[in-house]
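Structure file final09.txt; described as compact mmCIF, C-alpha atoms.
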# COMPACT_ATOMS: atom_id res chain seq x y z
CA MET S 1 19.10 -3.43 -4.76
CA SER S 2 18.70 -0.14 -6.54
CA VAL S 3 15.60 2.00 -6.19
CA ARG S 4 14.75 1.54 -9.86
CA ARG S 5 14.79 -2.23 -9.50
CA LEU S 6 12.65 -1.98 -6.38
CA PHE S 7 10.04 0.15 -8.15
CA THR S 8 10.11 -2.17 -11.16
CA ALA S 9 9.61 -5.21 -8.94
CA ALA S 10 6.77 -3.50 -7.07
CA ALA S 11 5.01 -2.51 -10.29
CA ALA S 12 5.45 -6.01 -11.73
CA ALA S 13 4.05 -7.59 -8.56
CA LEU S 14 1.07 -5.25 -8.53
CA LEU S 15 0.27 -5.74 -12.21
CA GLY S 16 0.81 -9.48 -11.95
CA GLY S 17 -1.50 -9.70 -8.94
CA LEU S 18 -4.20 -7.72 -10.72
CA GLY S 19 -3.78 -9.87 -13.83
CA VAL S 20 -4.32 -13.02 -11.79
CA ALA S 21 -7.20 -11.54 -9.78
CA ALA S 22 -9.13 -10.22 -12.79
CA PRO S 23 -10.18 -13.63 -14.18
CA ALA S 24 -11.16 -14.78 -10.70
CA ALA S 25 -13.28 -11.68 -10.21
CA ALA S 26 -14.95 -12.21 -13.59
CA HIS S 27 -16.40 -15.54 -12.38
CA THR S 28 -18.33 -14.03 -9.50
CA SER S 29 -22.09 -13.99 -9.47
CA VAL S 30 -23.92 -11.39 -11.51
CA GLN S 31 -26.07 -10.16 -8.61
CA PRO S 32 -23.78 -9.52 -5.62
CA VAL S 33 -25.32 -9.24 -2.20
CA ALA S 34 -24.71 -5.92 -0.48
CA ALA S 35 -23.26 -6.10 3.02
CA SER S 36 -25.18 -4.58 5.88
CA VAL S 37 -24.14 -1.24 7.28
CA TYR S 38 -23.33 -2.88 10.62
CA ASP S 39 -21.36 -5.82 9.23
CA PHE S 40 -17.58 -5.69 9.25
CA SER S 41 -16.82 -8.07 6.41
CA LEU S 42 -13.43 -9.45 5.44
CA GLY S 43 -13.30 -7.01 2.53
CA ARG S 44 -13.79 -4.07 4.85
CA LEU S 45 -11.22 -5.46 7.27
CA GLY S 46 -8.67 -6.00 4.50
CA ALA S 47 -9.26 -2.56 3.03
CA THR S 48 -8.99 -0.91 6.44
CA THR S 49 -5.78 -2.78 7.25
CA GLY S 50 -4.29 -1.90 3.86
CA GLY S 51 -5.28 1.74 4.27
CA LEU S 52 -3.72 1.94 7.72
CA LEU S 53 -0.52 0.31 6.46
CA GLY S 54 -0.37 2.73 3.54
CA LEU S 55 -0.97 5.66 5.88
CA ALA S 56 1.75 4.42 8.21
CA GLY S 57 4.12 4.21 5.24
CA VAL S 58 3.34 7.80 4.28
CA VAL S 59 3.84 9.07 7.83
CA VAL S 60 7.12 7.22 8.35
CA ALA S 61 8.43 8.34 4.96
CA VAL S 62 7.56 11.98 5.64
CA LEU S 63 9.30 11.75 9.02
CA ALA S 64 12.36 10.19 7.40
CA LEU S 65 12.44 12.95 4.79
CA ALA S 66 11.76 15.81 7.20
CA ARG S 67 14.19 14.80 9.93
CA PRO S 68 17.14 13.04 8.36
CA ALA S 69 19.16 13.12 11.60
CA SER S 70 16.47 11.42 13.72
CA ARG S 71 16.02 7.75 14.49
CA LEU S 72 13.97 7.27 11.32
CA GLY S 73 16.32 9.18 9.08
CA SER S 74 19.83 8.62 7.85
CA ALA S 75 21.61 8.82 11.21
CA HIS S 76 20.89 5.16 11.95
CA GLY S 77 20.76 3.80 8.43
CA SER S 78 17.80 3.56 6.17
CA LEU S 79 15.36 2.26 8.79
CA GLY S 80 12.62 4.81 8.08
CA ALA S 81 12.90 4.49 4.32
CA LEU S 82 12.78 0.70 4.37
CA THR S 83 9.91 0.69 6.85
CA ALA S 84 7.95 3.09 4.65
CA LEU S 85 8.66 0.96 1.57
CA ALA S 86 7.55 -2.23 3.30
CA ALA S 87 4.38 -0.68 4.73
CA GLY S 88 3.52 1.02 1.43
CA LEU S 89 4.03 -2.11 -0.65
CA THR S 90 2.05 -4.24 1.80
CA GLY S 91 -0.81 -1.74 1.89
CA MET S 92 -0.84 -1.48 -1.89
CA ALA S 93 -0.84 -5.28 -2.31
CA LEU S 94 -3.60 -5.74 0.26
CA GLY S 95 -5.70 -3.05 -1.39
CA GLY S 96 -5.19 -4.71 -4.78
CA LEU S 97 -6.20 -8.06 -3.35
CA VAL S 98 -9.41 -6.67 -1.87
CA ALA S 99 -10.19 -4.72 -5.05
CA GLY S 100 -9.68 -7.82 -7.17
CA THR S 101 -11.90 -10.04 -5.05
CA ALA S 102 -14.68 -7.60 -4.05
CA ASP S 103 -18.20 -8.80 -4.85
CA GLY S 104 -19.89 -5.81 -6.45
CA GLY S 105 -19.15 -2.18 -6.96
CA LEU S 106 -18.74 0.86 -4.81
CA GLY S 107 -21.31 1.23 -2.08
CA THR S 108 -22.05 -2.47 -1.68
CA GLY S 109 -20.11 -2.67 1.59
CA ASN S 110 -17.48 -5.08 0.38
CA GLY S 111 -14.49 -2.78 0.85
CA LEU S 112 -13.92 -1.69 -2.73
CA GLY S 113 -13.72 2.03 -1.95
CA GLY S 114 -11.35 1.37 0.94
CA ALA S 115 -9.25 -0.84 -1.31
CA TYR S 116 -8.79 2.02 -3.78
CA VAL S 117 -7.78 4.33 -0.93
CA ALA S 118 -5.37 1.68 0.38
CA MET S 119 -3.76 1.35 -3.05
CA LEU S 120 -3.33 5.12 -3.36
CA LEU S 121 -1.90 5.50 0.15
CA GLY S 122 0.37 2.50 -0.41
CA MET S 123 1.61 3.98 -3.65
CA ALA S 124 2.31 7.31 -1.96
CA GLY S 125 4.12 5.57 0.92
CA THR S 126 6.20 3.53 -1.51
CA ALA S 127 7.13 6.57 -3.58
CA LEU S 128 8.05 8.68 -0.55
CA GLY S 129 9.95 5.78 0.99
CA GLY S 130 11.89 5.33 -2.24
CA LEU S 131 12.68 9.04 -2.22
CA ALA S 132 13.93 8.79 1.37
CA LEU S 133 16.00 5.72 0.48
CA ALA S 134 17.53 7.52 -2.50
CA ARG S 135 18.38 10.47 -0.26
CA TYR S 136 20.00 8.13 2.26
CA ARG S 137 22.09 6.45 -0.44
CA ARG S 138 23.31 9.85 -1.70
CA THR S 139 24.29 11.08 1.75
CA GLY S 140 25.17 7.76 3.43

If you took the structure in this file and wrote it as structure tokens, what would it be?
Amino acid sequence: MSVRRLFTAAAAALLGGLGVAAPAAAHTSVQPVAASVYDFSLGRLGATTGGLLGLAGVVVAVLALARPASRLGSAHGSLGALTALAAGLTGMALGGLVAGTADGGLGTGNGLGGAYVAMLLGMAGTALGGLALARYRRTG
């Protein structure tokens, strides 16, 4: 699978997921209840998990790009690049899911801010992982 097809499939999945989640989010109640400061709701848990996955994708991709002869680089195949792609795409999808189903706006405690961060980190991890995979394919 080429990198272009992978990016196209990732973008289509993200846009398709947001397109499906938008009508479901439109049917929520008009007055959402804000979560307590001490509650760790499912939205917060999902956003935190997505953010950590996106961050892991960024770190692994940077390591694969910086040290191409290491275990994560091109010496042992495209392990680092594929790991970064998988973590980035999963973090981005999880962030999109939380953002699409959050009850309320920013500051309500439902994980919407964390979902945006997860989507951005997942996108960065996916882009850097794709760059590492393209470098591996050129040199491998």

Just give me the residues with any atom within 9 Å of (15.7, 7.7, 0.3), file coordinates, counting only C-alpha atoms, written as JSON, numbers by chain.
{"S": [3, 61, 64, 65, 73, 74, 78, 80, 81, 82, 128, 129, 130, 131, 132, 133, 134, 135, 136, 137, 138]}

Kindly indicate which residue among S:Asp103, S:Val59, S:Leu79, S:Ala115 lies nearest to Arg44 of chain S, using all atoms listed in the file for the distances.
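Comparing S:Asp103, S:Val59, S:Leu79, S:Ala115 against Arg44 of chain S, the winner is S:Ala115.
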
What does the structure give for the distance between atom CA of Leu42 of chain S and atom CA of Met119 of chain S, in Å to one decimal?
16.8 Å

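Residues in contact with Ala56 of chain S at up to 7 Å, not including ones fewer than 4 positions away on its chain and judged by only C-alpha atoms, are S:Leu52, S:Val60, S:Ala87.
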
Computed interatomic separation between atom CA of Leu120 of chain S and atom CA of Ala99 of chain S (Å)
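Computing it gives 12.1 Å between the two atoms.
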
Any idea what the distance is between atom CA of Ala127 of chain S and atom CA of Gly51 of chain S?
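Calculated distance between atom CA of Ala127 of chain S and atom CA of Gly51 of chain S is 15.5 Å.
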